[in-house]
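Here is the structure we will look at.
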Amino acid sequence: MSIITNQPAVQLMAIEVISELLASTSPRKLGEALTEHLRELTGARTIMVLAHRPGPQPGELLYASPERRSTLFSAAELNLFCPEITPGELPFLPEELSVGHPLRSLLLRAGIHSLARYPLRAGGEFVALLLLFDLPGAERMAGTSHLINLLAAPIALALKNALAFRLIEEQAKELEQRVEERTAELRQSEERHRSILQTAMDGIWLIDAQGRFVEVNETYCRMSGYSMQELLSMSVSDVESFETASETSARIKKVMEQGEDRFESRHRRKDGTVYDVEVSVQYRPADGGQFVSFVQNITERKRAEEEEIKLQAQLQQAQKMESVGRLAGGVAHDFNNMLTVILGHAQLGLMRLDPNHPVGADLKEIISTAQRSADLTRQLLAFARKQTVTPKVLNLNATVSEMLKMLQRLIGEDINLSWQPAPDLGQVRIDPSQIDQILANLCVNARDAIAGNGRITIETANSTIDRDYCAVNLEAVPGEYVCLTVSDSGSGMDKETQAHIFEPFYTTKELGKGTGLGLATVYGAVKQNNGFINIYSEPGQGTTFSIYLPREANLGTARRTPDADTAVPRGQETILLVEDEPAILDIASEMLEMQGYTVLKADTPGEAIRLAREHVGEIQLLMTDVIMPEMNGRDLAKNLLSMYPHMKRLFMSGYTADVIATHGVLDDGVHFIQKPFSLPDMAAKVREVLDKP
């Protein structure tokens, strides 16, 4: 009689093996259960189960019992046991293998005395390989083979299901990661789109299927001369001068059929004058069928002599958009391929499971999620939009003034937005949309740094950067600049954070609150226009971003670049200079000494007090940083005034004067100079303070 019929306990154990295998969905756990039970049933010293996969590396070790024996062979050596590599029957004893057989030396080296190899198949498919080493004796092989052949089908089926389930899980994780990436891209695209709409220089319509205005923006109101309320009671045919009402209706039908259109036309203003426009329109079937139109006044372009150049630019833009469309289509195609594999395997797994199997609910959720994810592919082609980038000579005061309402909405009502334009401000050459982008990103960052109520200050100023300043600010270039400064009363930043803030995807905000691209975008825009950025910040003291853009020379006037020979005021007084940044302390001291002053250098307030006590003679001026370790500049000045009551005080800081005032520094008779400062600016300010009565 067979080993199974002679040993009821063995039969019971076999049933337990099958039950445990069918209940497991983890290939490793299934391998562990299988090898442990088979060791007990067969008496083999070591049992390994390998998952089979097509290719040059067909074997994957799922489990070895005992587990310490899992390192008996390397992955490459395990592949030698696969029938594709070593076909045919293997003898019970390793020494019976031919001398040149790949397994002979391997088994003898490992101290293996006997072996048996059993391919496990499910429905004719090679699923796994069972390896038994050091069996009790050849006389038990018939019973062992009978037992394994009895268990082979359910074992193979269980392994096949577990491996398929593992593949589904891996693909689901990959899909989840792709979805997260695409969701982040979508979020960024939506944020960019929202910012563009809020600061759009083109007119924007939303019209219904009858051509009636549903929504218009302020730009088109200014363009047409009508108020928003007037336009909302009108239709496109009321402002259309080129097409008749029937032609406008025909165009609406055409756009509904093809989904979008772009064309040139002529519109009539409220005062009766006519102007040329370019209209880009897209049809949205949702919401009862509406059309989104972007309307651009192209009158000046029509009149310009550079029409051929403009047409070439339009062609290049169209080619770029076509490339973006192809890229988006390719991504959608690949994404759908992945979803197809995931859905297919999940559905196959569901079909092979008992309807009441608990894994069925998980597979249904995978299928549902994959189907929802497929909706994302339909959105990829909607991300590319035309955005003309044309540098223009402009006045930052005018550009910023136009943005203030939008910026106030952006930061919220709890934060006070202060605008301090400089008189006689120089001009810069930059695309206005880049200024919009820079200010929007900086103000959002400032808003997020403020807890509750606070203040954001935007300032402009003319600035001269000389070689001395550039020596300690490597990105700066000597010349005439216009400075745009955004300061906040928020939490500030430490030096470590400041070192990374312009890196793409670097963010200190919590998950989901920031992309890490805002300041990287600001940096790129500034560098693109040959400018540079300075940051001044201390934890708990707020932050100041100073954007330096090259000043555009007036017509017929060359840009003046300061040089070392520029005449600057000199003096012979004694100045106590206090600065906790060594590089600034050294350069400021050197600049003052070059102008004839005697300089007492201190890198801490304590050192400054010591120098003042030990100094013989008068100290005419204290020139000190505002925010320092130990004590601030105001307290230091109070301390020193008890020793030198006639000493003048000049405070310096990377913060704007407006922010410094919130700390109570600018009292009567107290003077301030903002970093960075050039030698002429500093010398003039020092002389101004010293010469005041």
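Residues are referred to by chain and number: the chain letter is A, B, ... according to the order shown in the structure tokens, the number counts from 1 in that chain, and ligands are numbered separately from 1 in the order shown.
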Applying 12 Å and only C-alpha atoms, which residues near Val216 (chain A) remain after dropping the ones on its own chain fewer than 3 positions away? List them as an NGL selection string.
:A and (197 or 200 or 202-207 or 212-213 or 219-224 or 226-236 or 291-295)
If you run DSSP on this backbone, which residues of region 398-566 of chain A come out as helix (DSSP H, G or I), and could you give them as a ChimeraX atom specification?
/A:398-411,432-449,467-472,495-498,518-528
Serialized selection, N, CA and C atoms, as a short mmCIF file (atom, residue, chain, number, x, y, z; two decimals), in the first residue's frame:
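Contents of the output file selection_4.cif:
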```cif
data_model
loop_
_atom_site.label_atom_id
_atom_site.label_comp_id
_atom_site.auth_asym_id
_atom_site.auth_seq_id
_atom_site.Cartn_x
_atom_site.Cartn_y
_atom_site.Cartn_z
N ALA A 398 4.70 101.06 -11.75
CA ALA A 398 3.42 100.92 -12.44
C ALA A 398 2.98 99.46 -12.48
N THR A 399 3.93 98.57 -12.74
CA THR A 399 3.60 97.14 -12.83
C THR A 399 3.11 96.60 -11.49
N VAL A 400 3.83 96.94 -10.42
CA VAL A 400 3.44 96.44 -9.09
C VAL A 400 2.10 97.03 -8.68
N SER A 401 1.89 98.33 -8.97
CA SER A 401 0.63 98.97 -8.59
C SER A 401 -0.57 98.24 -9.18
N GLU A 402 -0.42 97.76 -10.40
CA GLU A 402 -1.53 97.05 -11.04
C GLU A 402 -1.80 95.70 -10.38
N MET A 403 -0.83 95.18 -9.66
CA MET A 403 -0.98 93.85 -9.04
C MET A 403 -1.51 93.89 -7.62
N LEU A 404 -1.56 95.05 -7.01
CA LEU A 404 -1.80 95.12 -5.57
C LEU A 404 -3.12 94.47 -5.15
N LYS A 405 -4.18 94.71 -5.91
CA LYS A 405 -5.47 94.12 -5.54
C LYS A 405 -5.40 92.59 -5.58
N MET A 406 -4.79 92.09 -6.63
CA MET A 406 -4.66 90.63 -6.74
C MET A 406 -3.81 90.07 -5.61
N LEU A 407 -2.72 90.76 -5.29
CA LEU A 407 -1.85 90.28 -4.22
C LEU A 407 -2.55 90.31 -2.87
N GLN A 408 -3.37 91.34 -2.64
CA GLN A 408 -4.09 91.41 -1.37
C GLN A 408 -5.07 90.25 -1.24
N ARG A 409 -5.74 89.92 -2.35
CA ARG A 409 -6.63 88.75 -2.32
C ARG A 409 -5.83 87.47 -2.09
N LEU A 410 -4.64 87.43 -2.65
CA LEU A 410 -3.81 86.23 -2.54
C LEU A 410 -3.37 85.98 -1.10
N ILE A 411 -3.02 87.05 -0.37
CA ILE A 411 -2.48 86.89 0.98
C ILE A 411 -3.56 86.89 2.06
N PRO A 432 6.48 91.46 -18.26
CA PRO A 432 5.62 91.78 -17.11
C PRO A 432 5.07 90.55 -16.40
N SER A 433 4.82 89.47 -17.16
CA SER A 433 4.28 88.27 -16.51
C SER A 433 5.29 87.66 -15.55
N GLN A 434 6.58 87.88 -15.81
CA GLN A 434 7.59 87.36 -14.89
C GLN A 434 7.58 88.14 -13.57
N ILE A 435 7.33 89.44 -13.66
CA ILE A 435 7.17 90.24 -12.43
C ILE A 435 5.96 89.73 -11.66
N ASP A 436 4.87 89.46 -12.38
CA ASP A 436 3.68 88.90 -11.72
C ASP A 436 4.03 87.60 -11.01
N GLN A 437 4.77 86.76 -11.71
CA GLN A 437 5.14 85.45 -11.15
C GLN A 437 6.03 85.61 -9.93
N ILE A 438 7.02 86.49 -10.03
CA ILE A 438 7.95 86.72 -8.92
C ILE A 438 7.19 87.22 -7.69
N LEU A 439 6.37 88.24 -7.89
CA LEU A 439 5.65 88.82 -6.74
C LEU A 439 4.64 87.84 -6.15
N ALA A 440 3.93 87.12 -7.01
CA ALA A 440 2.94 86.17 -6.50
C ALA A 440 3.60 85.10 -5.64
N ASN A 441 4.71 84.55 -6.13
CA ASN A 441 5.40 83.50 -5.37
C ASN A 441 5.98 84.04 -4.06
N LEU A 442 6.60 85.21 -4.10
CA LEU A 442 7.19 85.77 -2.89
C LEU A 442 6.11 86.12 -1.87
N CYS A 443 4.99 86.66 -2.33
CA CYS A 443 3.91 87.02 -1.39
C CYS A 443 3.25 85.78 -0.80
N VAL A 444 3.09 84.73 -1.59
CA VAL A 444 2.53 83.47 -1.05
C VAL A 444 3.48 82.90 0.00
N ASN A 445 4.77 82.93 -0.28
CA ASN A 445 5.74 82.45 0.69
C ASN A 445 5.68 83.27 1.97
N ALA A 446 5.60 84.60 1.80
CA ALA A 446 5.52 85.47 2.96
C ALA A 446 4.24 85.20 3.75
N ARG A 447 3.12 85.03 3.03
CA ARG A 447 1.85 84.73 3.70
C ARG A 447 1.94 83.46 4.54
N ASP A 448 2.54 82.42 3.96
CA ASP A 448 2.64 81.14 4.66
C ASP A 448 3.57 81.21 5.86
N ALA A 449 4.48 82.19 5.87
CA ALA A 449 5.41 82.32 6.99
C ALA A 449 4.81 83.10 8.15
N ARG A 467 32.14 97.05 -7.02
CA ARG A 467 32.99 95.87 -6.98
C ARG A 467 33.21 95.37 -5.56
N ASP A 468 33.23 96.28 -4.60
CA ASP A 468 33.42 95.86 -3.21
C ASP A 468 32.27 94.98 -2.75
N TYR A 469 31.06 95.37 -3.11
CA TYR A 469 29.91 94.56 -2.75
C TYR A 469 29.97 93.20 -3.45
N CYS A 470 30.37 93.21 -4.73
CA CYS A 470 30.43 91.96 -5.50
C CYS A 470 31.48 91.00 -4.95
N ALA A 471 32.49 91.54 -4.25
CA ALA A 471 33.55 90.68 -3.72
C ALA A 471 33.02 89.68 -2.70
N VAL A 472 31.95 90.04 -2.00
CA VAL A 472 31.38 89.13 -1.01
C VAL A 472 30.00 88.62 -1.43
N LYS A 495 20.12 79.72 8.73
CA LYS A 495 21.09 79.70 7.63
C LYS A 495 20.98 78.43 6.80
N GLU A 496 20.71 77.30 7.46
CA GLU A 496 20.59 76.03 6.75
C GLU A 496 19.45 76.08 5.73
N THR A 497 18.31 76.62 6.15
CA THR A 497 17.17 76.73 5.24
C THR A 497 17.48 77.67 4.09
N GLN A 498 18.13 78.80 4.40
CA GLN A 498 18.45 79.77 3.35
C GLN A 498 19.36 79.17 2.28
N GLY A 518 8.16 77.28 -6.00
CA GLY A 518 7.89 78.72 -6.05
C GLY A 518 9.14 79.56 -6.10
N LEU A 519 10.05 79.37 -5.13
CA LEU A 519 11.26 80.18 -5.10
C LEU A 519 12.24 79.77 -6.19
N ALA A 520 12.21 78.50 -6.59
CA ALA A 520 13.04 78.08 -7.72
C ALA A 520 12.60 78.81 -8.98
N THR A 521 11.30 79.01 -9.13
CA THR A 521 10.78 79.77 -10.26
C THR A 521 11.22 81.22 -10.19
N VAL A 522 11.16 81.82 -9.01
CA VAL A 522 11.61 83.20 -8.83
C VAL A 522 13.08 83.32 -9.21
N TYR A 523 13.88 82.41 -8.71
CA TYR A 523 15.32 82.45 -8.99
C TYR A 523 15.59 82.35 -10.49
N GLY A 524 14.90 81.43 -11.17
CA GLY A 524 15.10 81.27 -12.60
C GLY A 524 14.72 82.52 -13.38
N ALA A 525 13.59 83.15 -12.99
CA ALA A 525 13.16 84.36 -13.70
C ALA A 525 14.15 85.50 -13.51
N VAL A 526 14.66 85.65 -12.29
CA VAL A 526 15.62 86.73 -12.01
C VAL A 526 16.92 86.49 -12.76
N LYS A 527 17.43 85.26 -12.72
CA LYS A 527 18.67 84.96 -13.41
C LYS A 527 18.52 85.10 -14.92
N GLN A 528 17.35 84.76 -15.43
CA GLN A 528 17.10 84.88 -16.86
C GLN A 528 17.22 86.33 -17.32
#
```
Per residue of region 158-195 of chain A within 10 Å of region 357-364 of chain A, what are the shortest atom pair and its distance in Å to one decimal, counting only C-alpha atoms, with rows by chain and residue number, as a Markdown table?
```
| residue | atom | partner | partner_atom | distance |
| --- | --- | --- | --- | --- |
| A:Phe165 | CA | A:Leu363 | CA | 8.9 |
| A:Ile168 | CA | A:Leu363 | CA | 8.8 |
| A:Glu169 | CA | A:Leu363 | CA | 9.6 |
```
Counting only C-alpha atoms, what is within 6 Å of Arg269 (chain A), bar same-chain residues fewer than 3 positions away, as a ChimeraX atom specification?
/A:224-225,272-273
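Rounded to one decimal, CA of Asp261 (chain A) and CA of Asp208 (chain A) lie 15.6 Å from each other.
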Once DSSP has gone over the backbone, tell me which residues of region 12-115 of chain A are in strand (DSSP E or B), as a compact mmCIF listing (two decimals) with C-alpha atoms, in the first residue's frame.
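Just written: selection.txt:
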```
# COMPACT_ATOMS: atom_id res chain seq x y z
CA THR A 46 16.73 20.99 3.54
CA ILE A 47 13.86 21.97 1.23
CA MET A 48 13.79 24.97 -1.09
CA VAL A 49 10.97 26.30 -3.25
CA LEU A 50 11.85 28.48 -6.26
CA ALA A 51 9.39 30.60 -8.23
CA HIS A 52 9.82 30.07 -11.95
CA GLY A 59 14.70 30.88 -10.49
CA GLU A 60 13.67 33.10 -7.56
CA LEU A 61 14.08 31.61 -4.08
CA LEU A 62 10.81 32.01 -2.21
CA TYR A 63 11.83 30.17 0.97
CA ALA A 64 14.29 27.64 2.33
CA SER A 65 13.67 25.42 5.33
CA LEU A 115 18.65 15.40 -3.86
```
CA of Ile458 (chain A) to CA of Pro421 (chain A), distance in Å rounded to a single decimal
7.9 Å
From the options A:His101, A:Arg121, A:Lys601, A:Arg429, which residue's atoms come nearest to Tyr481 (chain A), counting only C-alpha atoms?
A:Arg429
So that I can check the surroundings of Leu549 (chain A), please list as an mmCIF file with N, CA and C atoms, in the first residue's frame every protein, DNA and RNA residue that reaches within 8 Å of it, counting only C-alpha atoms and ignoring chain neighbours fewer than 2 positions away.
```
data_model
loop_
_atom_site.group_PDB
_atom_site.id
_atom_site.type_symbol
_atom_site.label_atom_id
_atom_site.label_comp_id
_atom_site.auth_asym_id
_atom_site.auth_seq_id
_atom_site.Cartn_x
_atom_site.Cartn_y
_atom_site.Cartn_z
ATOM 1 N N VAL A 428 13.364 98.869 -16.085
ATOM 2 C CA VAL A 428 14.004 97.571 -16.284
ATOM 3 C C VAL A 428 13.423 96.930 -17.535
ATOM 4 N N TYR A 481 21.149 99.204 -10.801
ATOM 5 C CA TYR A 481 20.051 98.257 -10.678
ATOM 6 C C TYR A 481 18.793 98.954 -10.156
ATOM 7 N N VAL A 482 17.678 98.295 -10.386
ATOM 8 C CA VAL A 482 16.424 98.622 -9.706
ATOM 9 C C VAL A 482 16.135 97.474 -8.752
ATOM 10 N N CYS A 483 15.882 97.809 -7.501
ATOM 11 C CA CYS A 483 15.679 96.795 -6.463
ATOM 12 C C CYS A 483 14.199 96.684 -6.126
ATOM 13 N N VAL A 526 14.660 85.654 -12.295
ATOM 14 C CA VAL A 526 15.619 86.730 -12.015
ATOM 15 C C VAL A 526 16.917 86.491 -12.765
ATOM 16 N N ASN A 529 16.947 87.264 -16.417
ATOM 17 C CA ASN A 529 17.012 88.689 -16.748
ATOM 18 C C ASN A 529 18.275 89.345 -16.195
ATOM 19 N N ASN A 530 19.319 88.529 -15.979
ATOM 20 C CA ASN A 530 20.638 89.028 -15.556
ATOM 21 C C ASN A 530 20.598 89.748 -14.217
ATOM 22 N N GLY A 531 19.708 89.316 -13.360
ATOM 23 C CA GLY A 531 19.627 89.902 -12.024
ATOM 24 C C GLY A 531 20.157 88.954 -10.971
ATOM 25 N N PHE A 532 19.992 89.335 -9.718
ATOM 26 C CA PHE A 532 20.386 88.463 -8.616
ATOM 27 C C PHE A 532 19.496 88.752 -7.421
ATOM 28 N N ILE A 547 15.216 91.703 -4.858
ATOM 29 C CA ILE A 547 15.420 91.312 -6.256
ATOM 30 C C ILE A 547 16.098 92.469 -6.979
ATOM 31 N N ARG A 551 19.205 98.090 -14.344
ATOM 32 C CA ARG A 551 18.467 99.291 -14.714
ATOM 33 C C ARG A 551 18.683 99.571 -16.194
#
```
